[in-house]
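Asker: The structure's right below; bear with me while I get my questions together.
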Amino acid sequence: MYEGEVDLDMFEHCLNLSKHRVVYNGDIDSVEKLEMLSKRFGSIRAVDDRQGLLANPFLAEKIKFNTEKSYDKKIKS
């Protein structure tokens with residue numbers, strides 16, 4: 001259902017105008033993308049990464065512990 005790319009420039013513009021807590025809801029599918037977003041949008045306190053977790057159920061573990069299990073360990077979990 002979701003198509004296209006997130007317009008990060010527009011998101012930044014809206015973020016700068018908002019006085020409310022903002023949750024980023026986008027296509028976070030890697031630790032690298034989360035780090036890039038955290039650096040660019042330091043005021044964001046939460047992200048919604050359900051799509052990334054559907055694609056990679058081990059993504060949250062990789063983000064939290066900065067580690068990745070081997071394929072063998074993943075299938076044994």
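Note on naming: chains are A, B, ... as they come in the structure tokens, residues start from 1 per chain, ligands start from 1 in the order shown.
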Got a sec to tell me which of range 10-70 of chain A DSSP assigns to helix (DSSP H, G or I), as a ChimeraX atom specification?
Answerer: /A:10-17,31-40,50-55,59-65
Asker: For N, CA and C atoms, I'd like the residues from the last selection saved as a short mmCIF file (atom, residue, chain, number, x, y, z; two decimals), in the first residue's frame.
Answerer:
data_model
loop_
_atom_site.label_atom_id
_atom_site.label_comp_id
_atom_site.auth_asym_id
_atom_site.auth_seq_id
_atom_site.Cartn_x
_atom_site.Cartn_y
_atom_site.Cartn_z
N MET A 10 10.48 17.98 3.56
CA MET A 10 9.17 18.44 4.01
C MET A 10 8.92 18.01 5.46
N PHE A 11 9.35 16.81 5.80
CA PHE A 11 9.22 16.35 7.18
C PHE A 11 9.99 17.29 8.11
N GLU A 12 11.20 17.65 7.72
CA GLU A 12 12.01 18.56 8.53
C GLU A 12 11.33 19.92 8.68
N HIS A 13 10.75 20.40 7.59
CA HIS A 13 10.04 21.68 7.63
C HIS A 13 8.88 21.62 8.63
N CYS A 14 8.08 20.58 8.55
CA CYS A 14 6.94 20.42 9.46
C CYS A 14 7.41 20.21 10.90
N LEU A 15 8.47 19.46 11.08
CA LEU A 15 9.01 19.22 12.41
C LEU A 15 9.43 20.53 13.07
N ASN A 16 10.04 21.42 12.29
CA ASN A 16 10.47 22.70 12.82
C ASN A 16 9.29 23.62 13.19
N LEU A 17 8.14 23.39 12.57
CA LEU A 17 6.96 24.20 12.87
C LEU A 17 6.15 23.65 14.04
N VAL A 31 19.80 -0.25 10.54
CA VAL A 31 20.42 0.53 11.60
C VAL A 31 20.98 1.82 11.01
N GLU A 32 21.55 1.75 9.84
CA GLU A 32 22.15 2.91 9.19
C GLU A 32 21.10 4.00 8.92
N LYS A 33 19.93 3.59 8.48
CA LYS A 33 18.88 4.57 8.21
C LYS A 33 18.41 5.22 9.51
N LEU A 34 18.28 4.43 10.57
CA LEU A 34 17.89 4.98 11.86
C LEU A 34 18.94 5.98 12.37
N GLU A 35 20.21 5.65 12.21
CA GLU A 35 21.28 6.56 12.63
C GLU A 35 21.25 7.86 11.83
N MET A 36 21.01 7.76 10.53
CA MET A 36 20.93 8.96 9.69
C MET A 36 19.77 9.84 10.13
N LEU A 37 18.62 9.24 10.40
CA LEU A 37 17.46 10.00 10.83
C LEU A 37 17.69 10.63 12.21
N SER A 38 18.33 9.90 13.10
CA SER A 38 18.62 10.42 14.44
C SER A 38 19.54 11.62 14.38
N LYS A 39 20.52 11.56 13.48
CA LYS A 39 21.44 12.69 13.33
C LYS A 39 20.75 13.90 12.71
N ARG A 40 19.95 13.66 11.71
CA ARG A 40 19.28 14.76 11.02
C ARG A 40 18.16 15.37 11.85
N ARG A 50 7.38 -0.48 12.24
CA ARG A 50 6.64 -1.73 12.01
C ARG A 50 6.94 -2.34 10.65
N GLN A 51 7.02 -1.51 9.62
CA GLN A 51 7.30 -2.05 8.29
C GLN A 51 8.68 -2.71 8.25
N GLY A 52 9.66 -2.07 8.87
CA GLY A 52 11.00 -2.64 8.90
C GLY A 52 11.03 -3.94 9.66
N LEU A 53 10.23 -4.03 10.74
CA LEU A 53 10.18 -5.27 11.52
C LEU A 53 9.48 -6.38 10.77
N LEU A 54 8.52 -6.03 9.95
CA LEU A 54 7.87 -7.06 9.13
C LEU A 54 8.86 -7.64 8.13
N ALA A 55 9.69 -6.79 7.58
CA ALA A 55 10.69 -7.24 6.61
C ALA A 55 11.84 -7.97 7.28
N LEU A 59 15.38 -6.81 13.35
CA LEU A 59 15.87 -5.45 13.26
C LEU A 59 15.92 -4.76 14.62
N ALA A 60 14.90 -4.93 15.45
CA ALA A 60 14.89 -4.28 16.77
C ALA A 60 16.06 -4.76 17.62
N GLU A 61 16.34 -6.04 17.57
CA GLU A 61 17.48 -6.58 18.32
C GLU A 61 18.80 -5.99 17.81
N LYS A 62 18.90 -5.87 16.49
CA LYS A 62 20.11 -5.31 15.91
C LYS A 62 20.29 -3.85 16.31
N ILE A 63 19.19 -3.09 16.34
CA ILE A 63 19.25 -1.68 16.73
C ILE A 63 19.61 -1.56 18.21
N LYS A 64 18.94 -2.33 19.06
CA LYS A 64 19.13 -2.18 20.50
C LYS A 64 20.51 -2.65 20.96
N PHE A 65 20.97 -3.78 20.42
CA PHE A 65 22.22 -4.36 20.90
C PHE A 65 23.39 -4.21 19.94
#
Asker: Set the distance at 8 Å and use only C-alpha atoms: which residues neighbour Val6 in chain A once local chain neighbours fewer than 2 positions away are removed? I'd like the list as a PDB file with C-alpha atoms, in the first residue's frame.
Answerer:
ATOM      1  CA  GLY A   4       7.305   6.307  -3.110  1.00  0.00           C
ATOM      2  CA  LEU A   8      12.604  14.243   4.401  1.00  0.00           C
ATOM      3  CA  GLY A  26       8.683   5.865   7.734  1.00  0.00           C
ATOM      4  CA  ASP A  27      10.688   3.198   6.062  1.00  0.00           C
TER       5      ASP A  27
END
Asker: Could you work out how far CA of Val23 in chain A lies from CA of Ile44 in chain A, giving the answer in Å with one decimal?
Answerer: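 These two atoms are separated by 6.3 Å.
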Asker: My list of candidates is A:Ser30, A:Ser18, A:Asn25, A:Asp9. Which is closest to Asn56 in chain A when distances are computed with only C-alpha atoms?
Answerer: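 Closest to Asn56 in chain A, using only C-alpha atoms: A:Ser30.
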